[in-house]
>>> print(open('protein.txt').read())   # compact mmCIF, C-alpha atoms
# COMPACT_ATOMS: atom_id res chain seq x y z
CA MET A 1 200.37 265.58 120.75
CA SER A 2 203.54 267.57 120.03
CA ARG A 3 205.82 268.69 122.82
CA ALA A 4 204.75 272.32 122.24
CA GLY A 5 201.12 271.29 122.37
CA ALA A 6 201.67 269.37 125.57
CA ILE A 7 203.36 272.37 127.17
CA THR A 8 200.49 274.64 126.10
CA ALA A 9 197.89 272.22 127.44
CA ALA A 10 199.77 271.86 130.71
CA ALA A 11 199.98 275.63 131.07
CA ALA A 12 196.25 275.99 130.44
CA LEU A 13 195.44 273.29 133.00
CA GLY A 14 197.75 274.99 135.47
CA MET A 15 195.96 278.31 135.00
CA LEU A 16 192.59 276.62 135.52
CA ALA A 17 193.82 274.82 138.63
CA ALA A 18 195.14 278.07 140.08
CA ALA A 19 191.88 279.82 139.25
CA ALA A 20 189.87 277.03 140.86
CA ALA A 21 191.95 277.26 144.04
CA ALA A 22 191.52 281.02 144.13
CA GLU A 23 187.79 280.57 143.59
CA THR A 24 187.56 278.38 146.70
CA VAL A 25 189.31 281.03 148.79
CA ALA A 26 187.24 283.86 147.28
CA GLY A 27 184.02 282.09 148.17
CA ARG A 28 184.86 282.56 151.85
CA ARG A 29 185.40 286.30 151.60
CA PRO A 30 182.82 288.61 153.19
CA ALA A 31 180.83 291.20 151.29
CA PRO A 32 182.69 294.46 150.61
CA SER A 33 182.46 297.06 153.36
CA GLY A 34 180.95 299.58 150.94
CA VAL A 35 177.52 297.98 151.29
CA THR A 36 175.71 300.24 153.73
CA GLU A 37 173.18 297.72 154.96
CA HIS A 38 170.97 294.79 154.14
CA ILE A 39 167.26 295.46 154.08
CA ASP A 40 164.27 293.12 154.06
CA GLY A 41 163.19 292.46 150.48
CA GLY A 42 160.23 290.35 151.55
CA GLY A 43 161.68 287.50 153.57
CA TYR A 44 165.23 287.74 152.19
CA ARG A 45 168.03 290.30 152.43
CA LEU A 46 168.86 292.88 149.76
CA ALA A 47 172.23 294.66 149.78
CA VAL A 48 171.88 298.45 149.45
CA THR A 49 174.60 301.09 149.12
CA ASP A 50 173.84 304.72 150.03
CA ARG A 51 176.28 307.41 148.86
CA GLY A 52 176.41 311.20 149.12
CA SER A 53 173.71 313.59 150.28
CA GLN A 54 171.16 315.95 148.77
CA PRO A 55 172.50 319.55 148.87
CA THR A 56 169.02 321.10 149.01
CA PRO A 57 165.53 319.80 149.79
CA ASP A 58 164.59 320.32 146.13
CA THR A 59 167.46 318.20 144.77
CA PRO A 60 166.22 314.69 143.95
CA ALA A 61 168.13 311.59 145.00
CA VAL A 62 169.25 309.12 142.33
CA VAL A 63 168.19 305.47 142.52
CA ILE A 64 169.90 303.07 140.10
CA VAL A 65 168.27 299.86 138.85
CA THR A 66 170.74 297.47 137.22
CA GLY A 67 170.32 295.34 134.11
CA ALA A 68 169.44 291.64 134.01
CA GLY A 69 171.95 289.52 135.89
CA ASP A 70 174.10 292.52 136.78
CA CYS A 71 175.27 293.87 140.13
CA GLN A 72 175.39 297.32 141.68
CA ALA A 73 179.22 297.21 141.58
CA SER A 74 178.99 297.73 137.81
CA TRP A 75 177.72 301.24 138.57
CA ALA A 76 180.44 302.19 141.07
CA ALA A 77 182.18 304.71 138.80
CA VAL A 78 178.98 306.55 137.86
CA ALA A 79 177.54 306.41 141.39
CA ASP A 80 180.71 307.84 142.95
CA ARG A 81 180.71 310.79 140.58
CA LEU A 82 177.04 311.53 141.14
CA ALA A 83 177.54 311.30 144.90
CA ASP A 84 179.69 314.42 144.71
CA HIS A 85 176.52 316.46 144.30
CA THR A 86 173.52 314.37 145.39
CA ARG A 87 172.47 311.23 147.19
CA VAL A 88 172.80 307.98 145.21
CA ILE A 89 171.24 304.63 146.10
CA THR A 90 172.21 301.38 144.40
CA TYR A 91 171.19 297.85 145.26
CA ASP A 92 171.54 294.20 144.26
CA ARG A 93 168.41 292.24 143.42
CA ALA A 94 167.93 288.78 144.96
CA GLY A 95 170.73 286.36 144.09
CA LEU A 96 173.00 289.06 142.68
CA GLY A 97 176.01 290.85 144.15
CA TRP A 98 175.75 290.57 147.92
CA SER A 99 172.02 290.02 148.24
CA ALA A 100 170.52 286.74 149.43
CA ARG A 101 168.67 284.39 147.14
CA GLY A 102 164.97 285.04 146.69
CA PRO A 103 161.91 283.71 144.89
CA ALA A 104 161.88 283.10 141.15
CA PRO A 105 162.35 286.37 139.23
CA THR A 106 159.18 287.99 137.88
CA ALA A 107 158.12 291.51 136.96
CA ASP A 108 156.13 291.77 140.20
CA ARG A 109 159.08 290.65 142.32
CA TYR A 110 161.37 293.17 140.64
CA VAL A 111 158.98 296.06 141.29
CA THR A 112 158.39 294.90 144.88
CA GLU A 113 162.14 294.87 145.56
CA LEU A 114 162.55 298.39 144.20
CA ARG A 115 159.68 299.56 146.38
CA ALA A 116 161.28 297.89 149.42
CA VAL A 117 164.54 299.76 148.76
CA LEU A 118 162.71 303.08 148.47
CA ASP A 119 160.65 302.46 151.61
CA ALA A 120 163.72 301.51 153.63
CA ARG A 121 166.22 304.06 152.40
CA LEU A 122 164.20 306.93 150.91
CA PRO A 123 160.78 307.10 152.56
CA GLU A 124 160.50 310.83 151.85
CA GLY A 125 161.63 313.22 149.15
CA THR A 126 161.84 312.97 145.38
CA TYR A 127 164.10 310.77 143.29
CA VAL A 128 165.27 310.13 139.74
CA LEU A 129 165.13 306.51 138.64
CA VAL A 130 168.01 305.37 136.42
CA GLY A 131 167.44 302.00 134.79
CA HIS A 132 169.76 299.99 132.55
CA SER A 133 168.44 297.28 130.20
CA LEU A 134 165.92 295.23 132.25
CA GLY A 135 166.36 297.86 134.99
CA GLY A 136 164.85 300.43 132.63
CA LEU A 137 161.77 298.26 132.25
CA ILE A 138 161.55 297.84 136.04
CA ALA A 139 161.83 301.61 136.49
CA ARG A 140 158.99 302.21 134.01
CA LEU A 141 156.78 299.61 135.68
CA HIS A 142 157.39 301.34 139.02
CA ALA A 143 156.69 304.74 137.45
CA GLN A 144 153.29 303.56 136.21
CA GLN A 145 152.24 302.83 139.79
CA HIS A 146 154.11 305.49 141.80
CA THR A 147 154.35 308.95 140.27
CA GLU A 148 153.92 311.01 143.42
CA ARG A 149 157.64 311.38 144.28
CA LEU A 150 159.21 310.56 140.92
CA ALA A 151 161.26 313.54 139.65
CA GLY A 152 162.61 311.98 136.44
CA LEU A 153 163.61 308.88 134.50
CA VAL A 154 166.86 307.93 132.77
CA GLN A 155 166.71 304.91 130.46
CA VAL A 156 170.14 303.45 129.62
CA ASP A 157 169.81 301.05 126.67
CA ALA A 158 166.58 300.05 128.36
CA THR A 159 164.48 297.06 127.36
CA PRO A 160 161.44 298.28 125.37
CA GLU A 161 158.09 296.51 125.51
CA GLN A 162 158.21 295.98 121.72
CA VAL A 163 161.03 293.41 122.00
CA ALA A 164 158.38 290.82 122.91
CA ASP A 165 157.53 290.80 119.19
CA ASP A 166 161.07 291.09 117.78
CA PRO A 167 162.61 287.72 116.76
CA GLY A 168 166.17 289.05 116.57
CA VAL A 169 166.17 290.52 120.07
CA LYS A 170 164.51 287.41 121.46
CA ILE A 171 167.32 285.31 120.01
CA GLY A 172 169.86 287.68 121.59
CA PHE A 173 168.29 287.26 125.03
CA ALA A 174 168.19 283.49 124.57
CA VAL A 175 171.89 283.39 123.69
CA SER A 176 172.74 285.54 126.73
CA GLY A 177 170.75 283.17 128.94
CA MET A 178 172.57 280.15 127.53
CA LEU A 179 175.94 281.82 128.09
CA ALA A 180 175.02 282.56 131.70
CA SER A 181 173.98 278.92 132.20
CA ALA A 182 177.28 277.73 130.75
CA PHE A 183 179.29 280.03 133.01
CA LYS A 184 177.27 278.85 136.02
CA ALA A 185 178.49 275.31 135.31
CA LEU A 186 182.08 276.42 134.71
CA ALA A 187 182.40 278.93 137.55
CA PRO A 188 183.35 276.40 140.26
CA ILE A 189 186.53 275.48 138.37
CA GLY A 190 187.55 279.12 138.01
CA VAL A 191 186.67 279.81 134.37
CA VAL A 192 184.75 283.02 135.16
CA ARG A 193 187.61 284.27 137.34
CA LEU A 194 190.13 283.47 134.60
CA LEU A 195 188.17 285.23 131.86
CA LEU A 196 187.74 288.30 134.06
CA ARG A 197 191.47 288.37 134.78
CA LEU A 198 192.14 288.14 131.04
CA ARG A 199 189.51 290.83 130.40
CA ALA A 200 187.87 288.40 127.99
CA PHE A 201 184.51 287.83 129.66
CA PRO A 202 181.96 288.01 126.81
CA LEU A 203 179.13 289.64 128.77
CA TYR A 204 181.35 292.62 129.69
CA PRO A 205 183.22 293.76 126.57
CA GLU A 206 183.48 297.18 128.27
CA GLN A 207 185.67 295.80 131.08
CA ARG A 208 188.96 297.42 130.03
CA THR A 209 187.46 300.90 129.87
CA PHE A 210 185.45 300.34 133.05
CA GLU A 211 188.43 299.25 135.12
CA THR A 212 190.31 302.47 134.38
CA GLN A 213 187.59 304.29 136.35
CA LEU A 214 187.84 302.12 139.48
CA THR A 215 190.04 301.95 142.53
CA ALA A 216 191.79 298.66 143.20
CA ASP A 217 189.24 297.84 145.92
CA GLN A 218 186.31 298.64 143.60
CA ARG A 219 187.78 296.42 140.89
CA ARG A 220 188.13 293.51 143.32
CA ALA A 221 184.58 294.04 144.62
CA TRP A 222 183.19 294.15 141.07
CA MET A 223 184.98 290.97 140.03
CA ALA A 224 183.86 289.18 143.20
CA SER A 225 180.24 290.24 142.55
CA VAL A 226 180.35 289.07 138.93
CA ARG A 227 181.79 285.71 139.96
CA ARG A 228 178.98 285.29 142.46
CA ASP A 229 176.33 286.40 139.95
CA MET A 230 177.59 283.84 137.44
CA GLY A 231 178.27 281.08 139.97
CA PRO A 232 176.07 278.19 141.14
CA GLY A 233 174.24 280.37 143.67
CA GLY A 234 173.92 283.40 141.43
CA ALA A 235 170.80 284.62 139.64
CA SER A 236 172.29 285.89 136.36
CA GLY A 237 170.93 283.04 134.28
CA SER A 238 167.45 283.06 135.78
CA GLU A 239 167.24 286.86 135.44
CA LEU A 240 168.24 286.76 131.78
CA ARG A 241 165.62 284.07 131.16
CA SER A 242 163.04 286.22 132.96
CA VAL A 243 163.40 289.19 130.62
CA LEU A 244 160.90 288.15 127.95
CA PRO A 245 158.16 287.14 130.45
CA ALA A 246 158.70 290.48 132.22
CA VAL A 247 158.49 292.29 128.88
CA ARG A 248 155.22 290.58 128.03
CA GLU A 249 153.81 291.61 131.42
CA ALA A 250 154.96 295.19 130.84
CA GLN A 251 153.41 295.13 127.37
CA ARG A 252 150.11 294.04 128.89
CA ARG A 253 150.21 296.87 131.46
CA LEU A 254 151.12 299.44 128.81
CA ALA A 255 148.12 298.62 126.62
CA GLY A 256 145.49 301.34 126.73
CA LEU A 257 147.61 303.95 128.48
CA VAL A 258 147.21 307.47 127.14
CA GLN A 259 150.39 308.85 125.57
CA PRO A 260 152.57 310.65 126.37
CA GLN A 261 152.59 308.22 129.27
CA PHE A 262 154.82 310.35 131.50
CA GLY A 263 153.43 313.79 130.62
CA ASP A 264 156.08 316.45 131.29
CA LEU A 265 158.32 314.24 133.43
CA PRO A 266 162.04 314.80 132.66
CA LEU A 267 163.16 311.75 130.68
CA ALA A 268 166.51 310.89 129.06
CA VAL A 269 166.97 307.85 126.81
CA LEU A 270 170.44 306.56 125.86
CA THR A 271 170.74 303.98 123.07
CA SER A 272 173.53 301.74 121.78
CA HIS A 273 173.58 299.50 118.70
CA ALA A 274 174.33 296.39 120.77
CA TRP A 275 170.95 294.83 120.02
CA GLY A 276 170.85 295.55 116.31
CA GLY A 277 170.26 298.43 113.97
CA GLU A 278 167.64 301.06 113.46
CA GLN A 279 164.73 298.98 114.75
CA TRP A 280 166.21 299.09 118.28
CA VAL A 281 166.85 302.82 117.88
CA ASP A 282 163.26 303.34 116.74
CA MET A 283 161.98 301.51 119.83
CA HIS A 284 163.99 303.88 122.00
CA ARG A 285 162.80 306.87 120.02
CA GLU A 286 159.27 305.82 121.00
CA LEU A 287 160.41 305.56 124.63
CA ALA A 288 161.70 309.14 124.55
CA ALA A 289 158.39 310.30 123.09
CA ARG A 290 156.52 309.06 126.17
CA SER A 291 157.33 312.41 127.79
CA ARG A 292 156.98 315.87 126.33
CA ALA A 293 160.31 316.57 128.07
CA GLY A 294 162.04 313.50 126.63
CA THR A 295 165.54 313.55 125.10
CA HIS A 296 167.29 310.83 123.10
CA ARG A 297 170.99 310.20 122.47
CA VAL A 298 172.26 307.40 120.23
CA PHE A 299 175.76 305.88 120.39
CA GLU A 300 177.07 304.31 117.20
CA ASP A 301 179.02 301.51 118.92
CA ARG A 302 177.73 298.16 120.19
CA PHE A 303 178.47 298.52 123.91
CA HIS A 304 175.28 297.64 125.77
CA ASN A 305 176.76 298.61 129.15
CA ILE A 306 176.83 302.29 128.24
CA HIS A 307 177.45 303.26 131.87
CA MET A 308 180.73 301.31 131.80
CA GLN A 309 181.96 302.46 128.38
CA HIS A 310 180.57 306.02 128.28
CA SER A 311 180.28 307.00 131.94
CA ASP A 312 180.68 310.72 131.17
CA ALA A 313 177.63 310.69 128.91
CA VAL A 314 175.57 308.78 131.47
CA VAL A 315 176.52 311.17 134.28
CA ASP A 316 175.68 314.14 132.03
CA ALA A 317 172.26 312.71 131.15
CA ILE A 318 171.45 312.04 134.81
CA ASP A 319 172.62 315.52 135.80
CA GLN A 320 170.36 317.11 133.18
CA VAL A 321 167.36 315.21 134.53
CA LEU A 322 168.37 316.12 138.10
CA VAL A 323 168.42 319.82 137.23
CA ALA A 324 165.04 319.61 135.51
CA GLY A 325 163.61 317.63 138.42
CA ALA A 326 164.93 320.14 140.96
CA ASP A 327 163.41 323.01 138.97
CA ASN A 328 160.06 321.25 138.95
CA ASN A 329 160.31 320.62 142.69
CA SER A 330 161.03 324.29 143.41
CA ARG A 331 157.85 325.29 141.54
CA ARG A 332 155.59 322.95 143.50
>>> encode(input="protein.txt", output="structure tokens")
Amino acid sequence: MSRAGAITAAAALGMLAAAAAAETVAGRRPAPSGVTEHIDGGGYRLAVTDRGSQPTPDTPAVVIVTGAGDCQASWAAVADRLADHTRVITYDRAGLGWSARGPAPTADRYVTELRAVLDARLPEGTYVLVGHSLGGLIARLHAQQHTERLAGLVQVDATPEQVADDPGVKIGFAVSGMLASAFKALAPIGVVRLLLRLRAFPLYPEQRTFETQLTADQRRAWMASVRRDMGPGGASGSELRSVLPAVREAQRRLAGLVQPQFGDLPLAVLTSHAWGGEQWVDMHRELAARSRAGTHRVFEDRFHNIHMQHSDAVVDAIDQVLVAGADNNSRR
């Protein structure tokens, strides 16, 4: 090895050693104070954050359901802006963010956790469900069973039922699952921390844009949550591997339903090109058609975390559904 190569290798090892030491210290830090409370998710604790308040009885609350392997801290920028004019509830599923570990992830467990959050934090009043990726699927599964207080749906690059039959998307989910497994093995030596510091973590290509929207404390809380999600005790890998089984269950439940499934329910669908070309867009076009009040916006880039890259557009879409939901509530 040349002298230059030796110096480079030594520097890299030094960075890893420093990251590993910092990882040990970070593992002893408590959950961020922004978490309002921990609720019972069914024998384990779920971390829930409650922001803002509803200005009128007719204004729905907003409940955000994150994507596979993701934490509520990834929605901090959007949630803070929405909290200026309504109540916003976010939460971490089992094994993510600051929630305790739970049973193996399944479609039923996901829906049960969402129901537990609603029962504990929003037992009365209407709400708009905002779901990203797998969270969009969870929101739709909940909506099939509980329409009585649902004021609207926002689907942010949501997982459609049709992906169960799409080889390309299935390969994409498999690759994401393998990446999460690799990071789980590497996290204890500080690799996840290092990649986040370098803004080079492959599952969050939107990180640079996202961080410009955060306070220093929010940035630290987000990075700590991601490290936990990807670490030995985190559920990112198992959640990503659960997506296709959950999709197949959702596909089974969708069969035979009369369309438009959601009638006149306000519905906004936001679509990226992260998972391919027009076939993904067509799947989302079908999602938007499940309501007579459905709208559809397509982004030409490949940023799956639309809420991190295009927060203005996500806030606007949610606000439009909130207004429509409030109008419907006032006519009841």
>>> atom_distance(input="protein.txt", atom1="CA of Ala235 (chain A)", atom2="CA of Ala94 (chain A)")
7.3 Å
>>> closest_residue(input="protein.txt", among="A:Val191, A:Ala151, A:Val62, A:Ala289", to="Val78 (chain A)", atoms="all atoms listed in the file")
A:Val62
>>> atom_distance(input="protein.txt", atom1="CA of Ser181 (chain A)", atom2="CA of Leu96 (chain A)")
14.6 Å
>>> atom_distance(input="protein.txt", atom1="CA of Gly69 (chain A)", atom2="CA of Tyr110 (chain A)")
12.2 Å
>>> residues_around(input="protein.txt", residues="Val63 (chain A)", least_positions_apart="4", cutoff="6 Å", atoms="all atoms listed in the file", output="NGL selection string")
:A and (88-89 or 129)
>>> residues_around(input="protein.txt", residues="Ala120 (chain A)", least_positions_apart="5", cutoff="9 Å", atoms="only C-alpha atoms", output="PDB file with C-alpha atoms, keeping the file's coordinate frame")
ATOM      1  CA  ILE A  39     167.260 295.460 154.080  1.00  0.00           C
ATOM      2  CA  ASP A  40     164.270 293.120 154.060  1.00  0.00           C
ATOM      3  CA  ARG A 115     159.680 299.560 146.380  1.00  0.00           C
TER       4      ARG A 115
END
>>> closest_residue(input="protein.txt", among="A:Trp275, A:Phe173, A:Phe299, A:Phe262", to="Ala68 (chain A)", atoms="all atoms listed in the file")
A:Phe173
>>> closest_residue(input="protein.txt", among="A:Leu118, A:Leu46, A:Ala164, A:Ala77", to="Arg252 (chain A)", atoms="all atoms listed in the file")
A:Ala164
>>> residues_around(input="protein.txt", residues="Pro105 (chain A)", least_positions_apart="6", cutoff="12 Å", atoms="all atoms listed in the file", output="list in words")
Ala68, Gly69, Arg93, Ala94, Gly95, Leu96, Val111, Thr112, Glu113, Leu134, Ile138, Ala235, Ser236, Gly237, Ser238, Glu239, Leu240, Arg241, Ser242, Val243, Leu244, Pro245 and Ala246 of chain A
>>> closest_residue(input="protein.txt", among="A:Ile171, A:Ala104, A:Val192, A:Leu137", to="Asp157 (chain A)", atoms="all atoms listed in the file")
A:Leu137
>>> closest_residue(input="protein.txt", among="A:Thr56, A:Asn328, A:Ser272, A:Thr66", to="Val130 (chain A)", atoms="all atoms listed in the file")
A:Thr66
>>> decode(input="protein.txt", residues="region 262-298 of chain A", atoms="N, CA and C atoms", output="PDB file, in the first residue's frame")
ATOM      1  N   PHE A 262     -64.353   4.862  -1.837  1.00  0.00           N
ATOM      2  CA  PHE A 262     -64.499   5.870  -0.793  1.00  0.00           C
ATOM      3  C   PHE A 262     -65.582   6.900  -1.104  1.00  0.00           C
ATOM      4  N   GLY A 263     -66.420   6.629  -2.098  1.00  0.00           N
ATOM      5  CA  GLY A 263     -67.554   7.505  -2.388  1.00  0.00           C
ATOM      6  C   GLY A 263     -67.134   8.926  -2.689  1.00  0.00           C
ATOM      7  N   ASP A 264     -67.613   9.873  -1.870  1.00  0.00           N
ATOM      8  CA  ASP A 264     -67.293  11.293  -2.047  1.00  0.00           C
ATOM      9  C   ASP A 264     -66.262  11.785  -1.027  1.00  0.00           C
ATOM     10  N   LEU A 265     -65.563  10.885  -0.392  1.00  0.00           N
ATOM     11  CA  LEU A 265     -64.574  11.266   0.617  1.00  0.00           C
ATOM     12  C   LEU A 265     -63.456  12.083  -0.029  1.00  0.00           C
ATOM     13  N   PRO A 266     -63.098  13.248   0.537  1.00  0.00           N
ATOM     14  CA  PRO A 266     -61.954  14.004   0.009  1.00  0.00           C
ATOM     15  C   PRO A 266     -60.694  13.141   0.019  1.00  0.00           C
ATOM     16  N   LEU A 267     -60.026  13.083  -1.124  1.00  0.00           N
ATOM     17  CA  LEU A 267     -58.864  12.204  -1.295  1.00  0.00           C
ATOM     18  C   LEU A 267     -57.838  12.903  -2.173  1.00  0.00           C
ATOM     19  N   ALA A 268     -56.597  12.985  -1.710  1.00  0.00           N
ATOM     20  CA  ALA A 268     -55.496  13.540  -2.500  1.00  0.00           C
ATOM     21  C   ALA A 268     -54.408  12.476  -2.623  1.00  0.00           C
ATOM     22  N   VAL A 269     -53.921  12.272  -3.836  1.00  0.00           N
ATOM     23  CA  VAL A 269     -52.867  11.300  -4.110  1.00  0.00           C
ATOM     24  C   VAL A 269     -51.674  12.041  -4.703  1.00  0.00           C
ATOM     25  N   LEU A 270     -50.497  11.854  -4.096  1.00  0.00           N
ATOM     26  CA  LEU A 270     -49.246  12.451  -4.574  1.00  0.00           C
ATOM     27  C   LEU A 270     -48.313  11.332  -5.013  1.00  0.00           C
ATOM     28  N   THR A 271     -47.698  11.491  -6.192  1.00  0.00           N
ATOM     29  CA  THR A 271     -46.938  10.409  -6.809  1.00  0.00           C
ATOM     30  C   THR A 271     -45.567  10.891  -7.262  1.00  0.00           C
ATOM     31  N   SER A 272     -44.532  10.119  -6.942  1.00  0.00           N
ATOM     32  CA  SER A 272     -43.197  10.371  -7.480  1.00  0.00           C
ATOM     33  C   SER A 272     -42.893   9.322  -8.559  1.00  0.00           C
ATOM     34  N   HIS A 273     -41.698   9.414  -9.138  1.00  0.00           N
ATOM     35  CA  HIS A 273     -41.240   8.391 -10.082  1.00  0.00           C
ATOM     36  C   HIS A 273     -40.156   7.512  -9.457  1.00  0.00           C
ATOM     37  N   ALA A 274     -40.134   7.473  -8.100  1.00  0.00           N
ATOM     38  CA  ALA A 274     -39.083   6.712  -7.422  1.00  0.00           C
ATOM     39  C   ALA A 274     -39.161   5.219  -7.701  1.00  0.00           C
ATOM     40  N   TRP A 275     -40.379   4.717  -7.915  1.00  0.00           N
ATOM     41  CA  TRP A 275     -40.564   3.283  -8.104  1.00  0.00           C
ATOM     42  C   TRP A 275     -40.785   2.911  -9.565  1.00  0.00           C
ATOM     43  N   GLY A 276     -40.339   3.757 -10.469  1.00  0.00           N
ATOM     44  CA  GLY A 276     -40.457   3.397 -11.878  1.00  0.00           C
ATOM     45  C   GLY A 276     -41.197   4.456 -12.670  1.00  0.00           C
ATOM     46  N   GLY A 277     -41.712   4.048 -13.807  1.00  0.00           N
ATOM     47  CA  GLY A 277     -42.305   4.985 -14.746  1.00  0.00           C
ATOM     48  C   GLY A 277     -43.811   5.061 -14.664  1.00  0.00           C
ATOM     49  N   GLU A 278     -44.436   4.986 -15.818  1.00  0.00           N
ATOM     50  CA  GLU A 278     -45.862   5.245 -15.911  1.00  0.00           C
ATOM     51  C   GLU A 278     -46.722   4.175 -15.252  1.00  0.00           C
ATOM     52  N   GLN A 279     -46.193   2.966 -15.096  1.00  0.00           N
ATOM     53  CA  GLN A 279     -47.002   1.930 -14.457  1.00  0.00           C
ATOM     54  C   GLN A 279     -47.325   2.307 -13.010  1.00  0.00           C
ATOM     55  N   TRP A 280     -46.325   2.845 -12.285  1.00  0.00           N
ATOM     56  CA  TRP A 280     -46.543   3.313 -10.911  1.00  0.00           C
ATOM     57  C   TRP A 280     -47.542   4.465 -10.888  1.00  0.00           C
ATOM     58  N   VAL A 281     -47.394   5.385 -11.850  1.00  0.00           N
ATOM     59  CA  VAL A 281     -48.311   6.519 -11.952  1.00  0.00           C
ATOM     60  C   VAL A 281     -49.730   6.026 -12.225  1.00  0.00           C
ATOM     61  N   ASP A 282     -49.856   5.040 -13.099  1.00  0.00           N
ATOM     62  CA  ASP A 282     -51.181   4.492 -13.405  1.00  0.00           C
ATOM     63  C   ASP A 282     -51.821   3.851 -12.173  1.00  0.00           C
ATOM     64  N   MET A 283     -51.013   3.169 -11.363  1.00  0.00           N
ATOM     65  CA  MET A 283     -51.548   2.586 -10.130  1.00  0.00           C
ATOM     66  C   MET A 283     -52.101   3.671  -9.215  1.00  0.00           C
ATOM     67  N   HIS A 284     -51.397   4.792  -9.152  1.00  0.00           N
ATOM     68  CA  HIS A 284     -51.850   5.899  -8.303  1.00  0.00           C
ATOM     69  C   HIS A 284     -53.039   6.621  -8.912  1.00  0.00           C
ATOM     70  N   ARG A 285     -53.109   6.631 -10.226  1.00  0.00           N
ATOM     71  CA  ARG A 285     -54.289   7.209 -10.876  1.00  0.00           C
ATOM     72  C   ARG A 285     -55.536   6.411 -10.481  1.00  0.00           C
ATOM     73  N   GLU A 286     -55.380   5.097 -10.401  1.00  0.00           N
ATOM     74  CA  GLU A 286     -56.493   4.241  -9.960  1.00  0.00           C
ATOM     75  C   GLU A 286     -56.840   4.523  -8.506  1.00  0.00           C
ATOM     76  N   LEU A 287     -55.815   4.779  -7.666  1.00  0.00           N
ATOM     77  CA  LEU A 287     -56.074   5.134  -6.270  1.00  0.00           C
ATOM     78  C   LEU A 287     -56.931   6.391  -6.186  1.00  0.00           C
ATOM     79  N   ALA A 288     -56.562   7.417  -6.960  1.00  0.00           N
ATOM     80  CA  ALA A 288     -57.306   8.678  -6.924  1.00  0.00           C
ATOM     81  C   ALA A 288     -58.743   8.492  -7.377  1.00  0.00           C
ATOM     82  N   ALA A 289     -58.964   7.529  -8.269  1.00  0.00           N
ATOM     83  CA  ALA A 289     -60.313   7.287  -8.794  1.00  0.00           C
ATOM     84  C   ALA A 289     -61.206   6.546  -7.802  1.00  0.00           C
ATOM     85  N   ARG A 290     -60.673   6.150  -6.663  1.00  0.00           N
ATOM     86  CA  ARG A 290     -61.492   5.456  -5.669  1.00  0.00           C
ATOM     87  C   ARG A 290     -62.415   6.408  -4.910  1.00  0.00           C
ATOM     88  N   SER A 291     -62.293   7.685  -5.174  1.00  0.00           N
ATOM     89  CA  SER A 291     -63.234   8.674  -4.643  1.00  0.00           C
ATOM     90  C   SER A 291     -63.666   9.590  -5.769  1.00  0.00           C
ATOM     91  N   ARG A 292     -64.924   9.964  -5.747  1.00  0.00           N
ATOM     92  CA  ARG A 292     -65.411  10.938  -6.735  1.00  0.00           C
ATOM     93  C   ARG A 292     -64.809  12.318  -6.477  1.00  0.00           C
ATOM     94  N   ALA A 293     -64.232  12.510  -5.287  1.00  0.00           N
ATOM     95  CA  ALA A 293     -63.596  13.783  -4.938  1.00  0.00           C
ATOM     96  C   ALA A 293     -62.075  13.659  -4.962  1.00  0.00           C
ATOM     97  N   GLY A 294     -61.552  12.664  -5.652  1.00  0.00           N
ATOM     98  CA  GLY A 294     -60.122  12.417  -5.667  1.00  0.00           C
ATOM     99  C   GLY A 294     -59.353  13.373  -6.559  1.00  0.00           C
ATOM    100  N   THR A 295     -58.135  13.745  -6.128  1.00  0.00           N
ATOM    101  CA  THR A 295     -57.217  14.543  -6.940  1.00  0.00           C
ATOM    102  C   THR A 295     -55.882  13.808  -7.025  1.00  0.00           C
ATOM    103  N   HIS A 296     -55.101  14.130  -8.053  1.00  0.00           N
ATOM    104  CA  HIS A 296     -53.846  13.410  -8.277  1.00  0.00           C
ATOM    105  C   HIS A 296     -52.793  14.383  -8.781  1.00  0.00           C
ATOM    106  N   ARG A 297     -51.647  14.415  -8.092  1.00  0.00           N
ATOM    107  CA  ARG A 297     -50.517  15.240  -8.531  1.00  0.00           C
ATOM    108  C   ARG A 297     -49.282  14.365  -8.692  1.00  0.00           C
ATOM    109  N   VAL A 298     -48.600  14.521  -9.816  1.00  0.00           N
ATOM    110  CA  VAL A 298     -47.423  13.703 -10.124  1.00  0.00           C
ATOM    111  C   VAL A 298     -46.182  14.589 -10.135  1.00  0.00           C
TER     112      VAL A 298
END
